[in-house]
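This is protein-v4.txt (compact mmCIF, C-alpha atoms).
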```
# COMPACT_ATOMS: atom_id res chain seq x y z
CA MET A 509 -2.60 44.40 -93.28
CA SER A 510 0.43 42.15 -92.70
CA THR A 511 3.84 42.46 -94.30
CA ILE A 512 4.65 40.14 -97.18
CA LYS A 513 7.22 38.37 -95.02
CA GLU A 514 4.62 37.76 -92.31
CA ALA A 515 2.11 36.54 -94.89
CA TYR A 516 4.75 34.20 -96.35
CA LEU A 517 5.68 32.71 -92.97
CA LYS A 518 2.02 32.23 -92.05
CA GLU A 519 1.22 30.53 -95.38
CA ILE A 520 4.25 28.25 -95.11
CA GLU A 521 3.23 27.24 -91.59
CA THR A 522 -0.38 26.63 -92.67
CA ARG A 523 0.73 24.38 -95.52
CA GLY A 524 3.26 22.54 -93.39
CA TYR A 525 6.19 23.46 -95.64
CA ASN A 526 9.76 24.37 -94.79
CA ILE A 527 10.92 27.96 -95.09
CA ASP A 528 12.93 28.58 -98.24
CA PRO A 529 15.58 31.25 -97.50
CA ILE A 530 15.61 32.44 -101.11
CA GLN A 531 11.83 32.86 -101.12
CA LEU A 532 12.11 34.67 -97.79
CA ARG A 533 14.57 37.19 -99.25
CA VAL A 534 12.21 37.82 -102.16
CA ALA A 535 9.35 38.40 -99.68
CA GLU A 536 11.54 40.99 -97.94
CA GLU A 537 12.17 42.67 -101.31
CA TYR A 538 8.42 42.84 -101.83
CA ASP A 539 8.08 44.49 -98.41
CA ARG A 540 10.53 47.21 -99.42
CA LEU A 541 8.48 47.82 -102.53
CA LYS A 542 5.27 47.85 -100.50
CA VAL A 543 6.60 50.65 -98.28
CA LYS A 544 7.59 52.65 -101.36
CA ILE A 545 4.14 52.20 -102.90
CA GLU A 546 2.35 53.26 -99.73
CA ASN A 547 4.42 56.46 -99.56
CA ASP A 548 4.55 57.19 -103.27
CA ALA A 549 3.83 60.69 -104.53
CA PRO A 550 4.76 62.50 -107.73
CA ILE A 551 7.69 64.88 -107.87
CA VAL A 552 6.65 68.19 -109.41
CA ASP A 553 9.00 69.78 -111.92
CA GLN A 554 8.49 73.46 -111.16
CA ARG A 555 10.11 74.45 -114.46
CA LYS A 556 7.14 73.03 -116.33
CA LEU A 557 4.55 75.05 -114.39
CA SER A 558 3.11 78.32 -115.62
CA PHE A 559 2.63 81.23 -113.23
CA PHE A 560 -1.12 80.51 -113.13
CA GLN A 561 -0.53 76.84 -112.37
CA LYS A 562 1.81 77.70 -109.52
CA LEU A 563 -0.75 80.12 -108.18
CA THR A 564 -3.69 77.68 -108.36
CA LYS A 565 -1.55 74.65 -107.46
CA LYS A 566 -3.00 72.75 -110.42
CA VAL A 567 -0.25 70.44 -111.62
CA PRO A 568 -0.51 69.13 -115.21
CA ASP A 569 0.52 65.56 -115.92
CA GLN A 570 3.58 66.60 -117.91
CA ALA A 571 5.01 68.29 -114.80
CA LYS A 572 4.73 65.14 -112.68
CA GLN A 573 7.60 62.69 -112.33
CA TYR A 574 7.82 59.48 -110.32
CA ALA A 575 10.93 58.16 -108.62
CA ASP A 576 12.37 54.80 -109.64
CA PRO A 577 12.40 51.90 -109.04
CA ARG A 578 8.79 51.36 -110.00
CA GLY A 579 8.40 47.64 -109.61
CA ILE A 580 10.01 44.23 -109.45
CA TYR A 581 11.02 41.73 -112.10
CA ILE A 582 11.25 38.29 -110.44
CA TYR A 583 12.92 35.62 -112.55
CA GLY A 584 14.00 32.00 -112.14
CA ARG A 585 13.33 28.46 -113.21
CA VAL A 586 9.84 26.96 -113.23
CA GLY A 587 8.23 25.87 -109.99
CA ARG A 588 10.35 28.02 -107.65
CA GLY A 589 7.48 30.05 -106.18
CA LYS A 590 7.47 33.21 -108.32
CA THR A 591 3.70 33.26 -108.81
CA PHE A 592 3.06 32.19 -105.21
CA LEU A 593 5.04 35.16 -103.86
CA MET A 594 3.58 37.66 -106.32
CA ASP A 595 0.08 36.58 -105.28
CA LEU A 596 0.99 37.04 -101.60
CA PHE A 597 2.12 40.57 -102.43
CA TYR A 598 -1.03 41.26 -104.47
CA HIS A 599 -3.36 40.14 -101.68
CA ASN A 600 -1.52 42.11 -99.00
CA ILE A 601 -1.35 45.57 -100.53
CA ASN A 602 -4.25 47.96 -100.15
CA VAL A 603 -4.15 50.14 -103.27
CA PRO A 604 -6.04 49.97 -106.57
CA LYS A 605 -4.54 46.98 -108.35
CA ILE A 606 -4.84 44.61 -111.29
CA ARG A 607 -3.44 41.08 -111.52
CA ASN A 608 -3.31 39.35 -114.89
CA HIS A 609 -1.49 36.74 -116.95
CA TYR A 610 0.84 38.10 -119.63
CA TYR A 611 -1.31 36.82 -122.51
CA HIS A 612 -4.46 38.38 -121.09
CA PHE A 613 -2.61 41.62 -120.42
CA MET A 614 -1.34 41.90 -123.98
CA GLN A 615 -4.77 40.99 -125.36
CA ASP A 616 -6.25 43.85 -123.32
CA VAL A 617 -3.53 46.23 -124.54
CA HIS A 618 -4.18 45.40 -128.19
CA ASN A 619 -7.92 45.82 -127.65
CA GLU A 620 -7.30 49.25 -126.10
CA LEU A 621 -4.98 50.22 -128.97
CA ARG A 622 -7.77 49.57 -131.46
CA SER A 623 -9.94 52.09 -129.65
CA PHE A 624 -7.20 54.72 -130.04
CA GLN A 625 -6.52 54.25 -133.73
CA GLY A 626 -5.51 57.51 -135.39
CA GLU A 627 -4.10 59.04 -132.19
CA SER A 628 -0.50 60.31 -132.26
CA ASP A 629 0.59 58.33 -129.17
CA PRO A 630 -1.93 55.53 -128.54
CA LEU A 631 0.29 53.65 -126.06
CA LYS A 632 0.41 56.72 -123.85
CA LEU A 633 -3.39 56.78 -123.88
CA VAL A 634 -3.51 53.06 -123.03
CA ALA A 635 -1.22 53.73 -120.06
CA LYS A 636 -3.41 56.61 -118.88
CA ARG A 637 -6.43 54.32 -119.00
CA TYR A 638 -4.60 51.77 -116.84
CA ALA A 639 -3.58 54.55 -114.44
CA GLU A 640 -7.25 55.38 -113.95
CA LYS A 641 -7.84 51.81 -112.77
CA CYS A 642 -4.75 50.82 -110.81
CA LYS A 643 -1.63 51.88 -108.95
CA VAL A 644 -0.15 48.38 -109.01
CA LEU A 645 -0.12 46.14 -112.08
CA CYS A 646 0.91 42.51 -111.49
CA ILE A 647 1.66 40.47 -114.63
CA ASP A 648 2.47 36.78 -114.29
CA GLU A 649 4.65 34.81 -116.76
CA PHE A 650 6.28 37.65 -118.69
CA HIS A 651 7.82 35.89 -121.70
CA VAL A 652 7.86 37.52 -125.10
CA ILE A 653 7.53 35.29 -128.16
CA ASP A 654 5.26 37.37 -130.39
CA ILE A 655 6.89 40.02 -132.60
CA THR A 656 3.79 42.20 -132.45
CA ASP A 657 4.12 42.40 -128.67
CA ALA A 658 7.89 42.83 -128.81
CA MET A 659 7.65 45.91 -131.00
CA ILE A 660 5.44 47.85 -128.58
CA LEU A 661 6.69 46.77 -125.15
CA TYR A 662 9.31 49.50 -124.72
CA ARG A 663 6.84 52.36 -125.23
CA LEU A 664 4.17 50.50 -123.28
CA LEU A 665 6.37 49.92 -120.22
CA GLU A 666 7.80 53.43 -120.35
CA SER A 667 4.31 54.93 -120.54
CA LEU A 668 2.96 52.81 -117.68
CA LEU A 669 5.84 53.75 -115.39
CA ASP A 670 5.66 57.42 -116.35
CA GLU A 671 1.99 57.39 -115.35
CA GLY A 672 3.03 56.37 -111.83
CA ILE A 673 2.05 52.71 -112.09
CA PHE A 674 4.12 50.12 -110.25
CA PHE A 675 4.82 47.16 -112.54
CA ILE A 676 5.38 43.77 -110.90
CA THR A 677 6.09 40.75 -113.05
CA THR A 678 7.49 37.21 -113.03
CA SER A 679 9.48 35.44 -115.72
CA ASN A 680 11.50 32.30 -116.33
CA ARG A 681 14.18 34.39 -118.05
CA GLU A 682 16.55 37.04 -116.77
CA PRO A 683 16.02 40.35 -118.57
CA ASP A 684 18.90 39.96 -121.04
CA GLU A 685 17.48 36.60 -122.19
CA LEU A 686 14.03 37.94 -123.09
CA TYR A 687 12.96 37.46 -126.72
CA LYS A 688 16.34 35.87 -127.41
CA ASN A 689 16.85 35.17 -131.15
CA GLY A 690 13.46 36.78 -131.88
CA LEU A 691 12.77 38.59 -135.12
CA GLN A 692 13.98 42.22 -135.11
CA ARG A 693 15.21 41.77 -131.54
CA ASP A 694 17.27 44.97 -131.78
CA LYS A 695 14.00 46.91 -131.63
CA PHE A 696 13.10 45.08 -128.41
CA LEU A 697 16.38 45.85 -126.61
CA PRO A 698 15.13 49.22 -125.24
CA ALA A 699 12.41 47.28 -123.38
CA ILE A 700 15.11 45.19 -121.70
CA GLU A 701 16.96 48.36 -120.71
CA ILE A 702 13.88 49.90 -119.13
CA ILE A 703 13.31 46.70 -117.12
CA LYS A 704 16.92 46.74 -115.90
CA LYS A 705 16.99 50.46 -115.11
CA ARG A 706 13.53 51.16 -113.74
CA LEU A 707 12.57 47.88 -112.03
CA VAL A 708 14.39 45.85 -109.39
CA SER A 709 15.47 42.55 -110.95
CA VAL A 710 15.43 39.77 -108.36
CA PRO A 711 16.50 36.17 -109.04
CA LEU A 712 14.44 33.41 -107.44
CA ASP A 713 16.23 30.18 -108.23
CA SER A 714 15.84 27.74 -105.37
CA ASP A 715 17.14 24.22 -105.98
CA LYS A 716 13.69 22.75 -105.41
CA ASP A 717 10.79 22.61 -107.89
CA TYR A 718 7.78 23.09 -105.60
CA ARG A 719 5.30 22.02 -108.27
CA MET A 720 6.52 18.47 -107.77
CA ARG A 721 5.44 18.48 -104.13
CA HIS A 722 2.59 16.11 -103.21
CA LEU A 723 1.77 15.16 -106.80
CA GLU A 724 0.21 11.87 -107.76
CA SER A 725 0.22 10.97 -111.44
CA ALA A 726 -3.17 10.51 -113.07
CA ASP A 727 -3.92 8.71 -116.33
CA VAL A 728 -4.36 11.71 -118.60
CA TRP A 729 -1.48 11.15 -121.05
CA PHE A 730 -2.11 8.41 -123.59
CA THR A 731 0.70 7.25 -125.87
CA GLY A 732 -0.01 5.37 -129.07
CA SER A 733 -0.84 5.64 -132.75
CA VAL A 734 -3.47 8.12 -133.90
CA ASP A 735 -5.94 5.25 -134.42
CA ALA A 736 -5.27 3.98 -130.91
CA GLN A 737 -5.73 7.49 -129.49
CA ILE A 738 -9.09 7.87 -131.25
CA ALA A 739 -10.31 4.51 -129.98
CA HIS A 740 -9.22 5.39 -126.44
CA PHE A 741 -10.72 8.88 -126.54
CA GLU A 742 -14.06 7.75 -128.00
CA GLN A 743 -14.74 5.76 -124.87
CA ALA A 744 -13.12 8.18 -122.40
CA PHE A 745 -14.95 11.23 -123.76
CA ASP A 746 -18.36 9.54 -123.65
CA GLU A 747 -17.73 8.39 -120.08
CA LEU A 748 -16.87 11.94 -119.05
CA ALA A 749 -19.32 14.02 -121.07
CA GLY A 750 -22.26 11.65 -121.47
CA HIS A 751 -24.38 13.03 -124.32
CA SER A 752 -22.18 14.72 -126.93
CA GLN A 753 -22.36 16.07 -130.45
CA GLY A 754 -19.84 16.25 -133.24
CA PRO A 755 -17.99 16.75 -135.36
CA ILE A 756 -18.93 20.40 -135.17
CA THR A 757 -17.44 23.73 -136.28
CA ARG A 758 -17.51 26.53 -133.73
CA ASP A 759 -16.56 30.17 -133.86
CA VAL A 760 -13.58 30.82 -131.60
CA ASN A 761 -12.56 34.46 -131.41
CA GLY A 762 -13.80 35.00 -134.96
CA HIS A 763 -12.08 31.90 -136.38
CA ALA A 764 -13.59 28.57 -137.46
CA PHE A 765 -12.52 25.76 -135.14
CA GLU A 766 -13.23 22.10 -135.94
CA MET A 767 -14.14 20.02 -132.89
CA LEU A 768 -14.51 16.26 -133.02
CA LYS A 769 -16.89 16.21 -130.04
CA VAL A 770 -18.48 18.67 -127.66
CA GLY A 771 -20.53 17.95 -124.56
CA ASN A 772 -21.00 18.86 -120.90
CA ASP A 773 -18.29 21.58 -120.73
CA ALA A 774 -15.83 19.29 -122.52
CA THR A 775 -14.41 19.33 -126.02
CA TRP A 776 -12.17 17.15 -128.15
CA PHE A 777 -10.04 18.48 -130.98
CA THR A 778 -6.78 17.63 -132.69
CA PHE A 779 -3.31 19.07 -132.37
CA LYS A 780 -3.43 19.88 -136.07
CA GLU A 781 -6.57 21.97 -135.64
CA ALA A 782 -5.24 23.82 -132.59
CA CYS A 783 -1.55 24.27 -133.37
CA ALA A 784 -0.93 23.78 -137.09
CA LYS A 785 -3.14 26.70 -138.07
CA PRO A 786 -2.41 30.41 -137.47
CA ARG A 787 -3.95 30.60 -134.00
CA ALA A 788 -3.41 33.48 -131.58
CA SER A 789 -3.31 33.53 -127.79
CA GLN A 790 -6.81 35.02 -127.82
CA ASP A 791 -8.12 31.81 -129.41
CA PHE A 792 -6.77 29.73 -126.52
CA ILE A 793 -8.06 32.22 -123.96
CA GLN A 794 -11.53 31.76 -125.47
CA LEU A 795 -11.26 27.96 -125.47
CA ALA A 796 -10.15 27.97 -121.85
CA ALA A 797 -13.08 30.18 -120.89
CA ASP A 798 -15.60 27.97 -122.72
CA TYR A 799 -14.54 24.49 -121.57
CA ASN A 800 -13.56 22.81 -118.33
CA THR A 801 -11.97 19.76 -119.97
CA VAL A 802 -10.10 19.41 -123.26
CA PHE A 803 -9.20 16.18 -125.07
CA LEU A 804 -6.28 16.80 -127.43
CA SER A 805 -5.33 14.02 -129.84
CA GLY A 806 -2.70 13.61 -132.54
CA VAL A 807 0.18 15.33 -130.73
CA PRO A 808 3.35 14.57 -132.71
CA ILE A 809 6.99 14.78 -131.72
CA LEU A 810 7.78 18.49 -131.90
CA ASN A 811 10.95 18.46 -133.98
CA ARG A 812 12.91 21.09 -135.89
CA ASP A 813 10.24 21.23 -138.61
CA ARG A 814 7.44 22.09 -136.17
CA GLN A 815 8.72 25.18 -134.38
CA ASN A 816 5.59 27.25 -135.07
CA GLU A 817 3.37 24.41 -133.90
CA ALA A 818 5.48 24.02 -130.77
CA ARG A 819 5.16 27.74 -130.04
CA ARG A 820 1.36 27.59 -130.28
CA PHE A 821 1.34 24.47 -128.10
CA VAL A 822 3.29 26.35 -125.43
CA ILE A 823 0.84 29.25 -125.53
CA MET A 824 -2.16 26.92 -125.37
CA ILE A 825 -0.87 24.97 -122.38
CA ASP A 826 0.01 28.21 -120.58
CA GLU A 827 -3.53 29.45 -120.95
CA PHE A 828 -5.17 26.16 -120.00
CA TYR A 829 -2.97 25.95 -116.92
CA ASP A 830 -3.67 29.54 -115.94
CA GLN A 831 -7.44 28.94 -116.01
CA GLY A 832 -7.28 25.47 -114.46
CA VAL A 833 -8.55 23.62 -117.54
CA LYS A 834 -8.17 19.84 -117.38
CA ILE A 835 -6.43 18.38 -120.43
CA ILE A 836 -6.22 14.77 -121.62
CA ILE A 837 -3.55 14.29 -124.27
CA GLY A 838 -3.02 11.63 -126.91
CA ALA A 839 0.54 11.68 -128.29
CA GLU A 840 2.87 9.54 -130.33
CA THR A 841 5.50 9.59 -127.58
CA ASN A 842 5.85 10.25 -123.86
CA LEU A 843 6.20 13.74 -122.41
CA ALA A 844 9.94 13.50 -121.80
CA GLU A 845 10.60 12.87 -125.49
CA LEU A 846 7.96 15.21 -126.94
CA TYR A 847 10.23 18.15 -127.75
CA GLU A 848 13.42 18.13 -129.80
CA THR A 849 15.59 21.23 -129.54
CA LYS A 850 16.31 23.16 -132.69
CA GLY A 851 19.41 25.16 -131.75
CA THR A 852 19.67 28.91 -131.31
CA ASN A 853 15.98 29.48 -132.04
CA ALA A 854 14.72 26.65 -129.86
CA LEU A 855 11.98 27.18 -127.29
CA ASP A 856 14.09 25.57 -124.56
CA PHE A 857 13.10 27.95 -121.75
CA GLU A 858 9.47 28.06 -122.74
CA PHE A 859 9.16 24.32 -123.22
CA ASP A 860 10.82 23.57 -119.87
CA ARG A 861 7.98 25.52 -118.29
CA THR A 862 5.43 23.69 -120.45
CA VAL A 863 6.77 20.28 -119.41
CA SER A 864 6.66 21.31 -115.75
CA ARG A 865 3.08 22.46 -116.14
CA LEU A 866 1.99 19.36 -118.00
CA ILE A 867 3.46 17.22 -115.23
CA GLU A 868 1.45 19.18 -112.68
CA MET A 869 -1.67 19.05 -114.86
CA GLN A 870 -1.50 15.24 -114.73
CA SER A 871 -1.59 15.24 -110.93
CA GLU A 872 -4.56 14.37 -108.75
CA THR A 873 -4.02 17.67 -106.96
CA TYR A 874 -4.51 19.68 -110.15
CA LEU A 875 -7.38 17.56 -111.46
CA HIS A 876 -9.36 17.95 -108.22
CA GLN A 877 -9.07 21.72 -107.99
CA PRO A 878 -11.90 23.94 -109.32
CA LYS A 879 -11.49 25.82 -112.56
CA ARG A 880 -10.10 29.31 -112.12
CA GLN A 881 -11.77 32.38 -113.57
CA ALA A 882 -9.93 34.27 -116.31
```
Take the structure in this file and express it as structure tokens.
Amino acid sequence: MSTIKEAYLKEIETRGYNIDPIQLRVAEEYDRLKVKIENDAPIVDQRKLSFFQKLTKKVPDQAKQYADPRGIYIYGRVGRGKTFLMDLFYHNINVPKIRNHYYHFMQDVHNELRSFQGESDPLKLVAKRYAEKCKVLCIDEFHVIDITDAMILYRLLESLLDEGIFFITTSNREPDELYKNGLQRDKFLPAIEIIKKRLVSVPLDSDKDYRMRHLESADVWFTGSVDAQIAHFEQAFDELAGHSQGPITRDVNGHAFEMLKVGNDATWFTFKEACAKPRASQDFIQLAADYNTVFLSGVPILNRDRQNEARRFVIMIDEFYDQGVKIIIGAETNLAELYETKGTNALDFEFDRTVSRLIEMQSETYLHQPKRQA
């Protein structure tokens, strides 16, 4: 199996791109981690072994320790190649491994926690379950905006690393900027410290946004009044889906979801239905799994009075992008003017990524690619 640097150079040559020296240095950092993973073994604390255990050479888990660093935290602006490089690493390491998006990962963690209700340390048990399945855990788009996640991430990360798992993740924020201005952030700060102390933090901030390469804009963003959007979508949806039904109410992750039309792996619903109600990331994961194409109408300007709606919009677009869902949007303004900052609690970092993704999702390149599996 090739080194990550070799895989990077080969992929760049195949695609006809120029070598980015910053990406190349990150690939070399991945190679150092790869060597460590391939030679990793627990350190046994002899003080924690009984005479019988020393005699039989049976080492209990509590006597095992693993040397740091135990992973990489790659951070930088959108479109710089963080996911591209992590995927190269993932496909060129031959150990048990899992690769997931942050939202899916946290959904799995919460599902596991429910199965360990009543246990004294359920997060430790979740980590042990992951350790049974993987040595390397790759999590894309690590950005914390949910207080429920924030409150458990320190113990979760600590437990995963203590179990000998290597944690590899990408983020648009440097560690100290994670969950900035979030509720009860002081309780999240230990998670930042464990990232800084036990992972290698590597900036990837090339001057070029590679998502903008070879993109051709497609007509999937319609600007106009709500009435004009409806008139436009009525015709466009029927042309795409053919026979359709609606309005219809469907169960999405245990919640009622009103859809204006459904047909041929496509659905049409409003911004109000998707983002003005208390939706969770699991709802959008389910929608992305169920439909190839989404028509979203009634998108307003996301001003200071719509911060919660903007947050759900960010989560929804992240999930649709991650699964390759095609989205046609009807909005009252153009994309550049969609979001108004709020100040210290604004979603500036998150929405920058959302804008970048929406630009890519309007491209012919994106629209012609097959849907990805969750």
(message) For a quick check of understanding, using all atoms listed in the file, which of A:Ile702, A:Ile835, A:Ala639, A:Leu517 has the smallest distance to Val802 in chain A?
(response) A:Ile835
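Nearest residue to Arg861 in chain A, choosing from A:Glu845, A:Asp670, A:Asp759, A:Asp826 and counting only C-alpha atoms: A:Asp826.
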(request) Find the residue from A:Pro808, A:Pro577, A:Gly838, A:Gly690 that sits nearest to Ile703 in chain A; use all atoms listed in the file when measuring. (result) A:Pro577
(message) Nearest residue to Arg819 in chain A out of A:Asp654, A:Thr677, A:Leu665, A:Ala774, using all atoms listed in the file?
(response) A:Asp654
(request) Tell me, in Å to one decimal, how far CA of Pro711 in chain A is from CA of Ile512 in chain A. (result)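 Separation between CA of Pro711 in chain A and CA of Ile512 in chain A: 17.2 Å.
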(message) Please determine, counting only C-alpha atoms, which residue among A:Thr656, A:Gly587, A:Arg681, A:Met594 has the shortest atom-to-atom distance to Val617 in chain A.
(response)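 Looking only at the distances to Val617 in chain A, the closest residue turns out to be A:Thr656.
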(message) For Tyr581 in chain A, find every residue with an atom within 6 Å (counting only C-alpha atoms), except residues of its own chain fewer than 6 positions away, and show them as a list in words.
(response)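 Residues meeting the cut-off are Thr677, Thr678, Val708 and Ser709 of chain A.
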(request) For Leu541 in chain A, list every protein, DNA or RNA residue within 12 Å, evaluated using all atoms listed in the file, and leave out those in the same chain fewer than 2 positions away; present the list as an NGL selection string. (result) :A and (511-512 or 534-539 or 543-548 or 576-581 or 594 or 597-598 or 601 or 644 or 674-676 or 707-708)
Any chance you could export the current selection's C-alpha atoms as a PDB file, keeping the file's coordinate frame?
```
ATOM      1  CA  THR A 511       3.840  42.460 -94.300  1.00  0.00           C
ATOM      2  CA  ILE A 512       4.650  40.140 -97.180  1.00  0.00           C
ATOM      3  CA  VAL A 534      12.210  37.820-102.160  1.00  0.00           C
ATOM      4  CA  ALA A 535       9.350  38.400 -99.680  1.00  0.00           C
ATOM      5  CA  GLU A 536      11.540  40.990 -97.940  1.00  0.00           C
ATOM      6  CA  GLU A 537      12.170  42.670-101.310  1.00  0.00           C
ATOM      7  CA  TYR A 538       8.420  42.840-101.830  1.00  0.00           C
ATOM      8  CA  ASP A 539       8.080  44.490 -98.410  1.00  0.00           C
ATOM      9  CA  VAL A 543       6.600  50.650 -98.280  1.00  0.00           C
ATOM     10  CA  LYS A 544       7.590  52.650-101.360  1.00  0.00           C
ATOM     11  CA  ILE A 545       4.140  52.200-102.900  1.00  0.00           C
ATOM     12  CA  GLU A 546       2.350  53.260 -99.730  1.00  0.00           C
ATOM     13  CA  ASN A 547       4.420  56.460 -99.560  1.00  0.00           C
ATOM     14  CA  ASP A 548       4.550  57.190-103.270  1.00  0.00           C
ATOM     15  CA  ASP A 576      12.370  54.800-109.640  1.00  0.00           C
ATOM     16  CA  PRO A 577      12.400  51.900-109.040  1.00  0.00           C
ATOM     17  CA  ARG A 578       8.790  51.360-110.000  1.00  0.00           C
ATOM     18  CA  GLY A 579       8.400  47.640-109.610  1.00  0.00           C
ATOM     19  CA  ILE A 580      10.010  44.230-109.450  1.00  0.00           C
ATOM     20  CA  TYR A 581      11.020  41.730-112.100  1.00  0.00           C
ATOM     21  CA  MET A 594       3.580  37.660-106.320  1.00  0.00           C
ATOM     22  CA  PHE A 597       2.120  40.570-102.430  1.00  0.00           C
ATOM     23  CA  TYR A 598      -1.030  41.260-104.470  1.00  0.00           C
ATOM     24  CA  ILE A 601      -1.350  45.570-100.530  1.00  0.00           C
ATOM     25  CA  VAL A 644      -0.150  48.380-109.010  1.00  0.00           C
ATOM     26  CA  PHE A 674       4.120  50.120-110.250  1.00  0.00           C
ATOM     27  CA  PHE A 675       4.820  47.160-112.540  1.00  0.00           C
ATOM     28  CA  ILE A 676       5.380  43.770-110.900  1.00  0.00           C
ATOM     29  CA  LEU A 707      12.570  47.880-112.030  1.00  0.00           C
ATOM     30  CA  VAL A 708      14.390  45.850-109.390  1.00  0.00           C
TER      31      VAL A 708
END
```
